[in-house]
Amino acid sequence: MINPELSAFLADWAAAWAPLPASAGPAERRAHFETVAAATREPTPQGVTTREHWVTRDDRRVRVREFRSVAAAPQPALIYLHGGAWTRGSPETHWDITAGLAARTGRAVFSVDYAKVPEHPFPAAVNDVRAVVAWLFEKAAAQGLDPARIAIGGDSSGANLAAAMTLAFRGTPCRIERQLLVYPACDFDTDRPSYRENADGPILNTASMPMVNAAYCPDPADLKNPLAAPLLADSHAGLPPAYIAVAEHDPLRDSGIAYSQALQAAGVPVTLDRGTGLIHSYLRALTYCADARASFERMAVWLADARP
């Protein structure tokens, strides 16, 4: 059963999106998401400051919003990648999440405004994030950061990108310390029980997924590329410890569970939070649901822990 405390959130969410016509395109949906998020943003936790950085990648400049709650150096960091089906979202739409993690963990959080589809299909977002990861390791000392404690995380499509980065940087000097994957999309196989059980959502429905996946990977061969589908990597050995939070009533649930099993089979320490009673995007419902808040707190405790 879906947690009853989420009913009010779902009603408010539906009302917020109701003005958007069904015919709206990606740009309109992107703009509307920004408006909805701005209208529902909670006050930034006391003591959290924010500033912007720009990272050059070939002919692009990637915007990064930093959230920091402590001045002591060196301090650990988290690179955060927002969700939004690779088509929408920004550091601003996920402000509550990243500011909240900065306040709770003592980590400086760097939220990445990576390239969106359909204008910039795979591997554009991967390459944007790869540039930001390399930049942060290179500039760690100048940013007052501990290069041995730089983690990566994200939710939904952002979690997909986070997992891809652990593969991309495995065995390099940019040693990602740990990975936080919240309701991640780890592959594109929709033939799992969670896709049938939660075909109609809420928030995310199975029928929309082929279109979303095709927009991200217009070349079907890329759907098998481990940087798009991290579950399909030949090996998951040597990847950083993971905290994987899925939601019981989410089509992506079983993809996240399968990834946790693949990591564990490869000897990677994994904490799996099964999100009983929760739904996709529950981090947007923290003010509505005690179980969602408890899950968020568990993530923060794990990120704040000094042990590997």
# chains A, B, ... in the order shown; residues from 1 in each chain; ligands from 1

$ closest_atom_pairs --of "segment 133-239 of chain A" --to "segment 53-77 of chain A" --cutoff "6 Å" --atoms "only C-alpha atoms" --output "tab-separated table"
residue	atom	partner	partner_atom	distance
A:Gly144	CA	A:Pro74	CA	4.9
A:Leu145	CA	A:Pro74	CA	4.5
A:Asp146	CA	A:Pro74	CA	4.9
A:Arg149	CA	A:Pro76	CA	4.9
A:Ile150	CA	A:Ala77	CA	4.8

$ write_last_selection --atoms "all heavy atoms" --output "JSON list (two decimals), in the first residue's frame"
[["chain", "number", "residue", "atom", "x", "y", "z"],
["A", 144, "GLY", "N", 39.05, 23.87, -1.13],
["A", 144, "GLY", "CA", 39.01, 23.50, 0.28],
["A", 144, "GLY", "C", 38.42, 22.13, 0.51],
["A", 144, "GLY", "O", 37.80, 21.87, 1.56],
["A", 145, "LEU", "N", 38.62, 21.22, -0.45],
["A", 145, "LEU", "CA", 38.02, 19.89, -0.39],
["A", 145, "LEU", "C", 39.06, 18.82, -0.15],
["A", 145, "LEU", "O", 40.24, 18.98, -0.49],
["A", 145, "LEU", "CB", 37.27, 19.58, -1.70],
["A", 145, "LEU", "CG", 36.21, 20.59, -2.13],
["A", 145, "LEU", "CD1", 35.65, 20.20, -3.48],
["A", 145, "LEU", "CD2", 35.10, 20.68, -1.09],
["A", 146, "ASP", "N", 38.61, 17.70, 0.40],
["A", 146, "ASP", "CA", 39.45, 16.53, 0.60],
["A", 146, "ASP", "C", 39.29, 15.63, -0.62],
["A", 146, "ASP", "O", 38.23, 15.02, -0.81],
["A", 146, "ASP", "CB", 39.01, 15.79, 1.86],
["A", 146, "ASP", "CG", 39.83, 14.55, 2.15],
["A", 146, "ASP", "OD1", 40.69, 14.19, 1.31],
["A", 146, "ASP", "OD2", 39.59, 13.91, 3.19],
["A", 149, "ARG", "N", 37.72, 12.20, -0.37],
["A", 149, "ARG", "CA", 36.34, 12.03, 0.06],
["A", 149, "ARG", "C", 35.39, 12.80, -0.85],
["A", 149, "ARG", "O", 34.62, 13.64, -0.41],
["A", 149, "ARG", "CB", 36.17, 12.45, 1.52],
["A", 149, "ARG", "CG", 36.95, 11.58, 2.51],
["A", 149, "ARG", "CD", 36.39, 11.74, 3.91],
["A", 149, "ARG", "NE", 35.00, 11.29, 3.97],
["A", 149, "ARG", "CZ", 34.13, 11.69, 4.91],
["A", 149, "ARG", "NH1", 34.49, 12.57, 5.82],
["A", 149, "ARG", "NH2", 32.89, 11.23, 4.90],
["A", 150, "ILE", "N", 35.47, 12.50, -2.13],
["A", 150, "ILE", "CA", 34.54, 13.07, -3.09],
["A", 150, "ILE", "C", 33.60, 11.97, -3.55],
["A", 150, "ILE", "O", 34.01, 11.00, -4.17],
["A", 150, "ILE", "CB", 35.27, 13.70, -4.29],
["A", 150, "ILE", "CG1", 36.15, 14.86, -3.82],
["A", 150, "ILE", "CG2", 34.28, 14.15, -5.35],
["A", 150, "ILE", "CD1", 36.96, 15.53, -4.93]]

$ closest_atom_pairs --of "segment 61-139 of chain A" --to "segment 22-31 of chain A" --cutoff "8 Å" --atoms "only C-alpha atoms" --output "tab-separated table"
residue	atom	partner	partner_atom	distance
A:Thr87	CA	A:Pro26	CA	6.7
A:Arg88	CA	A:Arg30	CA	4.8
A:Gly89	CA	A:Arg30	CA	6.7
A:Pro118	CA	A:Pro26	CA	7.6

$ select_by_dssp --residues "segment 116-281 of chain A" --states "strand (DSSP E)" --output "number ranges by chain"
A: 145-155, 179-182, 242-245, 270-273

$ closest_residue --among "A:Phe296, A:Tyr259, A:Phe137, A:Phe122" --to "Ala214 of chain A" --atoms "only C-alpha atoms"
A:Phe122

$ closest_residue --among "A:Glu297, A:Glu248, A:Glu52, A:Asp187" --to "Ser281 of chain A" --atoms "only C-alpha atoms"
A:Glu248

$ residues_around --residues "Leu136 of chain A" --least-positions-apart "2" --cutoff "9 Å" --atoms "only C-alpha atoms" --output "JSON, numbers by chain"
{"A": [79, 110, 131, 132, 133, 134, 138, 139, 140, 143, 145, 147, 150]}

$ select_by_dssp --residues "segment 122-249 of chain A" --states "alpha helix (DSSP H)" --output "MDAnalysis selection string"
chainID A and resid 124:138 157:168 193:197 209:216

$ closest_residue --among "A:Ser157, A:Thr50, A:Thr93, A:Asn225" --to "Pro123 of chain A" --atoms "only C-alpha atoms"
A:Asn225

$ residues_around --residues "segment 161-164 of chain A" --least-positions-apart "5" --cutoff "9 Å" --atoms "only C-alpha atoms" --output "list in words"
Ile79, Tyr80, Leu81, Ala125, Val126, Val129, Ile152, Gly153, Gly154, Asp155, Ser156, Phe169, Gln179, Leu180, Leu181, Pro184, Cys186, Pro226, Leu227, Ala228, Ala229, Pro230 and Leu231 of chain A

$ residues_around --residues "segment 239-243 of chain A" --least-positions-apart "4" --cutoff "6 Å" --atoms "only C-alpha atoms" --output "list in words"
Glu177, Arg178, Gln179, Leu180, Val268, Pro269, Val270 and Thr271 of chain A

$ atom_distance --atom1 "atom CA of Thr105 of chain A" --atom2 "atom CA of Val301 of chain A"
6.9 Å

$ residues_around --residues "Asp12 of chain A" --least-positions-apart "3" --cutoff "12 Å" --atoms "only C-alpha atoms" --output "ChimeraX atom specification"
/A:6-9,15-18,36,39-40,203,284-285,288

$ write_last_selection --atoms "N, CA and C atoms" --output "PDB file, in the first residue's frame"
ATOM      1  N   LEU A   6       1.325  10.331   1.503  1.00  0.00           N
ATOM      2  CA  LEU A   6       1.695  10.834   0.190  1.00  0.00           C
ATOM      3  C   LEU A   6       0.494  11.318  -0.620  1.00  0.00           C
ATOM      4  N   SER A   7      -0.707  11.053  -0.137  1.00  0.00           N
ATOM      5  CA  SER A   7      -1.915  11.435  -0.888  1.00  0.00           C
ATOM      6  C   SER A   7      -1.976  12.942  -1.119  1.00  0.00           C
ATOM      7  N   ALA A   8      -1.702  13.717  -0.096  1.00  0.00           N
ATOM      8  CA  ALA A   8      -1.750  15.176  -0.241  1.00  0.00           C
ATOM      9  C   ALA A   8      -0.677  15.664  -1.205  1.00  0.00           C
ATOM     10  N   PHE A   9       0.502  15.071  -1.124  1.00  0.00           N
ATOM     11  CA  PHE A   9       1.562  15.444  -2.064  1.00  0.00           C
ATOM     12  C   PHE A   9       1.134  15.166  -3.498  1.00  0.00           C
ATOM     13  N   ALA A  15      -2.152  19.051  -9.246  1.00  0.00           N
ATOM     14  CA  ALA A  15      -2.688  20.401  -9.433  1.00  0.00           C
ATOM     15  C   ALA A  15      -1.636  21.347 -10.008  1.00  0.00           C
ATOM     16  N   ALA A  16      -0.387  21.175  -9.587  1.00  0.00           N
ATOM     17  CA  ALA A  16       0.680  22.050 -10.066  1.00  0.00           C
ATOM     18  C   ALA A  16       0.960  21.836 -11.551  1.00  0.00           C
ATOM     19  N   TRP A  17       0.770  20.611 -12.028  1.00  0.00           N
ATOM     20  CA  TRP A  17       1.060  20.303 -13.424  1.00  0.00           C
ATOM     21  C   TRP A  17      -0.173  20.406 -14.314  1.00  0.00           C
ATOM     22  N   ALA A  18      -1.343  20.545 -13.720  1.00  0.00           N
ATOM     23  CA  ALA A  18      -2.582  20.585 -14.503  1.00  0.00           C
ATOM     24  C   ALA A  18      -2.615  21.696 -15.546  1.00  0.00           C
ATOM     25  N   VAL A  36       7.203  25.232 -11.007  1.00  0.00           N
ATOM     26  CA  VAL A  36       6.634  24.419  -9.931  1.00  0.00           C
ATOM     27  C   VAL A  36       7.623  24.295  -8.780  1.00  0.00           C
ATOM     28  N   ALA A  39       8.004  27.491  -6.766  1.00  0.00           N
ATOM     29  CA  ALA A  39       6.831  27.801  -5.938  1.00  0.00           C
ATOM     30  C   ALA A  39       6.758  26.930  -4.688  1.00  0.00           C
ATOM     31  N   THR A  40       7.379  25.760  -4.725  1.00  0.00           N
ATOM     32  CA  THR A  40       7.277  24.823  -3.611  1.00  0.00           C
ATOM     33  C   THR A  40       8.571  24.707  -2.811  1.00  0.00           C
ATOM     34  N   ILE A 203       3.459   9.307 -10.456  1.00  0.00           N
ATOM     35  CA  ILE A 203       4.562  10.155 -10.906  1.00  0.00           C
ATOM     36  C   ILE A 203       5.176   9.624 -12.202  1.00  0.00           C
ATOM     37  N   ARG A 284      10.756  14.601  -3.157  1.00  0.00           N
ATOM     38  CA  ARG A 284      10.028  15.852  -3.328  1.00  0.00           C
ATOM     39  C   ARG A 284       8.897  15.984  -2.305  1.00  0.00           C
ATOM     40  N   ALA A 285       8.662  14.955  -1.520  1.00  0.00           N
ATOM     41  CA  ALA A 285       7.535  14.922  -0.586  1.00  0.00           C
ATOM     42  C   ALA A 285       7.993  14.915   0.863  1.00  0.00           C
ATOM     43  N   TYR A 288       5.664  16.245   3.498  1.00  0.00           N
ATOM     44  CA  TYR A 288       4.384  15.559   3.600  1.00  0.00           C
ATOM     45  C   TYR A 288       4.480  14.220   4.350  1.00  0.00           C
TER      46      TYR A 288
END

$ residues_around --residues "Ala292 of chain A" --least-positions-apart "3" --cutoff "8 Å" --atoms "only C-alpha atoms" --output "list of chain:residue names"
A:Leu278, A:Tyr282, A:Leu283, A:Ala285, A:Leu286, A:Cys289, A:Ser295, A:Phe296

$ decode --residues "segment 67-81 of chain A" --atoms "all heavy atoms" --output "compact mmCIF listing (two decimals), in the first residue's frame"
# COMPACT_ATOMS: atom_id res chain seq x y z
N PHE A 67 26.60 24.11 -2.83
CA PHE A 67 25.96 24.34 -1.54
C PHE A 67 26.96 23.95 -0.46
O PHE A 67 27.51 22.85 -0.49
CB PHE A 67 24.69 23.51 -1.39
CG PHE A 67 23.61 23.85 -2.37
CD1 PHE A 67 23.60 23.27 -3.64
CD2 PHE A 67 22.60 24.74 -2.05
CE1 PHE A 67 22.61 23.58 -4.55
CE2 PHE A 67 21.60 25.05 -2.96
CZ PHE A 67 21.61 24.47 -4.22
N ARG A 68 27.17 24.83 0.50
CA ARG A 68 28.16 24.55 1.54
C ARG A 68 27.64 25.05 2.89
O ARG A 68 27.10 26.15 2.97
CB ARG A 68 29.49 25.22 1.20
CG ARG A 68 30.67 24.64 1.97
CD ARG A 68 31.99 25.26 1.53
NE ARG A 68 32.39 24.91 0.18
CZ ARG A 68 33.61 24.49 -0.17
NH1 ARG A 68 34.54 24.35 0.77
NH2 ARG A 68 33.90 24.23 -1.42
N SER A 69 27.83 24.22 3.92
CA SER A 69 27.30 24.59 5.23
C SER A 69 28.39 24.83 6.26
O SER A 69 28.11 25.36 7.33
CB SER A 69 26.37 23.48 5.75
OG SER A 69 27.10 22.28 5.97
N VAL A 70 29.61 24.43 5.96
CA VAL A 70 30.71 24.63 6.91
C VAL A 70 31.88 25.25 6.18
O VAL A 70 32.04 25.08 4.97
CB VAL A 70 31.14 23.31 7.59
CG1 VAL A 70 30.02 22.75 8.45
CG2 VAL A 70 31.58 22.28 6.55
N ALA A 71 32.72 25.96 6.91
CA ALA A 71 33.85 26.64 6.31
C ALA A 71 35.16 25.88 6.51
O ALA A 71 36.16 26.20 5.87
CB ALA A 71 33.99 28.05 6.88
N ALA A 72 35.15 24.90 7.40
CA ALA A 72 36.38 24.18 7.70
C ALA A 72 36.90 23.46 6.45
O ALA A 72 36.13 22.97 5.64
CB ALA A 72 36.14 23.18 8.82
N ALA A 73 38.22 23.40 6.32
CA ALA A 73 38.83 22.72 5.19
C ALA A 73 39.97 21.83 5.70
O ALA A 73 40.58 22.12 6.72
CB ALA A 73 39.37 23.75 4.20
N PRO A 74 40.27 20.74 5.01
CA PRO A 74 39.52 20.25 3.85
C PRO A 74 38.26 19.52 4.29
O PRO A 74 38.23 18.94 5.37
CB PRO A 74 40.50 19.28 3.19
CG PRO A 74 41.32 18.76 4.33
CD PRO A 74 41.44 19.89 5.31
N GLN A 75 37.24 19.59 3.46
CA GLN A 75 36.00 18.92 3.78
C GLN A 75 35.58 17.99 2.64
O GLN A 75 36.03 18.16 1.50
CB GLN A 75 34.89 19.92 4.08
CG GLN A 75 34.46 20.78 2.91
CD GLN A 75 33.33 21.72 3.30
OE1 GLN A 75 32.18 21.31 3.40
NE2 GLN A 75 33.66 22.98 3.54
N PRO A 76 34.75 17.00 2.94
CA PRO A 76 34.30 16.08 1.89
C PRO A 76 33.31 16.77 0.96
O PRO A 76 32.77 17.83 1.28
CB PRO A 76 33.64 14.95 2.68
CG PRO A 76 33.20 15.58 3.95
CD PRO A 76 34.22 16.64 4.26
N ALA A 77 33.06 16.15 -0.19
CA ALA A 77 32.17 16.74 -1.18
C ALA A 77 31.26 15.68 -1.76
O ALA A 77 31.51 14.47 -1.66
CB ALA A 77 32.98 17.40 -2.30
N LEU A 78 30.18 16.15 -2.35
CA LEU A 78 29.24 15.30 -3.08
C LEU A 78 28.90 15.99 -4.39
O LEU A 78 28.46 17.14 -4.40
CB LEU A 78 27.95 15.09 -2.27
CG LEU A 78 26.79 14.42 -3.01
CD1 LEU A 78 27.11 12.96 -3.33
CD2 LEU A 78 25.49 14.53 -2.20
N ILE A 79 29.12 15.30 -5.49
CA ILE A 79 28.64 15.76 -6.80
C ILE A 79 27.24 15.20 -6.96
O ILE A 79 27.05 13.98 -6.91
CB ILE A 79 29.57 15.28 -7.92
CG1 ILE A 79 30.99 15.83 -7.72
CG2 ILE A 79 29.01 15.69 -9.29
CD1 ILE A 79 32.02 15.15 -8.60
N TYR A 80 26.25 16.08 -7.16
CA TYR A 80 24.86 15.63 -7.23
C TYR A 80 24.28 15.89 -8.61
O TYR A 80 24.44 16.98 -9.18
CB TYR A 80 23.99 16.32 -6.18
CG TYR A 80 22.65 15.63 -6.02
CD1 TYR A 80 22.51 14.58 -5.12
CD2 TYR A 80 21.55 15.98 -6.79
CE1 TYR A 80 21.31 13.90 -4.99
CE2 TYR A 80 20.34 15.32 -6.66
CZ TYR A 80 20.23 14.27 -5.76
OH TYR A 80 19.04 13.60 -5.65
N LEU A 81 23.55 14.87 -9.11
CA LEU A 81 22.97 14.91 -10.44
C LEU A 81 21.46 14.74 -10.32
O LEU A 81 20.98 13.69 -9.88
CB LEU A 81 23.58 13.81 -11.31
CG LEU A 81 25.13 13.81 -11.27
CD1 LEU A 81 25.68 12.56 -11.91
CD2 LEU A 81 25.68 15.07 -11.91
